[in-house]
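First comes the structure, then the notes that go with it.
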Amino acid sequence: MKITPLLGALALMAGCASASETADTGATAAGCDVTVAFGSYAMGIDGQAAEDVEAYVSGHPALVTASQWTRWGREGEKTACLTTASPQAIRTVFKALRALLPDVARRGPVTLESRLGQRFQSKSPLNH
């Protein structure tokens with residue numbers, strides 16, 4: 001069977017999309033208490049979710065004692081590495097951020113992880 005260039009390109013794009021959806025944000029490897037990774041499905045990140053997370057972080061300095069944002073993609077992809085005041089603060093911050101994030105991705109995937117093993121990833125709108 002002969003594969004046309006278009007089918008080959010589509011297969012390659014599908015493989016890239018699924019890899020970005022499951023990218024490890026490295027919550028424990030980087031020493032972060034909580035990480036939030038904003039990915040893209042080739043149309044940019046969920047800007048509203050990123051703004052909501054940034055507002056929460058800046059509005060809760062007693063819980064989130066430090067934050068570092070790392071940009072890693074060409075479409076605005078970025079990851080927030082958050083340091084919290086205590087193990088209880090990790091739980092509180094994770095729960096609050098989870099409430100801000102959509103169950104189904106509006107644009108790109110959003111992954112939330114904690115050092116305590118908590119994990120959430122928005123579902124792809126294509127599979128919902």
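Residues in the structure tokens are numbered from 1 in each chain, the chains being A, B, ... in the order shown, and ligands are numbered from 1 in the order shown.
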
At a cut-off of 9 Å, using only C-alpha atoms, what residues contact stretch 119-124 of chain A? Leave out same-chain residues fewer than 3 positions from it and give the result as a ChimeraX atom specification. /A:21-22,94,98,101-114,127-128

Those same residues - C-alpha atoms - I'd like them written as a compact mmCIF listing (two decimals), in the first residue's frame.
```
# COMPACT_ATOMS: atom_id res chain seq x y z
CA GLU A 21 -0.67 16.15 25.56
CA THR A 22 1.22 13.74 27.79
CA PHE A 94 -3.72 22.43 44.04
CA ARG A 98 -7.94 22.79 39.86
CA LEU A 101 -9.09 24.98 35.13
CA PRO A 102 -11.60 23.64 32.59
CA ASP A 103 -12.31 19.90 32.43
CA VAL A 104 -12.17 20.07 28.63
CA ALA A 105 -9.38 22.13 27.07
CA ARG A 106 -10.57 25.35 25.47
CA ARG A 107 -7.42 25.70 23.33
CA GLY A 108 -4.43 23.67 24.50
CA PRO A 109 -3.96 21.06 27.20
CA VAL A 110 -3.40 22.18 30.78
CA THR A 111 -1.63 19.86 33.23
CA LEU A 112 -1.58 20.46 36.98
CA GLU A 113 0.67 18.38 39.26
CA SER A 114 1.82 18.48 42.85
CA ASN A 127 -11.97 13.16 22.41
CA HIS A 128 -14.85 14.62 24.35
```

May I ask which of the residues A:Cys81, A:Leu100, A:Leu126, A:Leu63 is the closest one to A:Glu51, counting only C-alpha atoms?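 Counting only C-alpha atoms, the residue closest to A:Glu51 is A:Leu100.
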
Please list as a short mmCIF file (atom, residue, chain, number, x, y, z; two decimals) with C-alpha atoms, in the first residue's frame every residue within 9 Å of stretch 55-61 of chain A, counting only C-alpha atoms and excluding residues in the same chain fewer than 6 positions away.
```cif
data_model
loop_
_atom_site.label_atom_id
_atom_site.label_comp_id
_atom_site.auth_asym_id
_atom_site.auth_seq_id
_atom_site.Cartn_x
_atom_site.Cartn_y
_atom_site.Cartn_z
CA SER A 67 6.86 31.21 41.34
CA LEU A 82 5.27 27.11 42.34
CA THR A 84 4.31 26.82 48.66
CA ALA A 85 4.56 27.69 52.34
CA VAL A 93 -3.14 25.56 46.13
CA ALA A 96 -7.86 26.10 44.20
CA LEU A 97 -6.03 25.92 40.87
#
```

Counting only C-alpha atoms, figure out which residue out of A:Ser40, A:Gly47, A:Val64, A:Trp69 gets nearest to A:Pro87.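 For A:Pro87, the nearest of the given residues is A:Val64.
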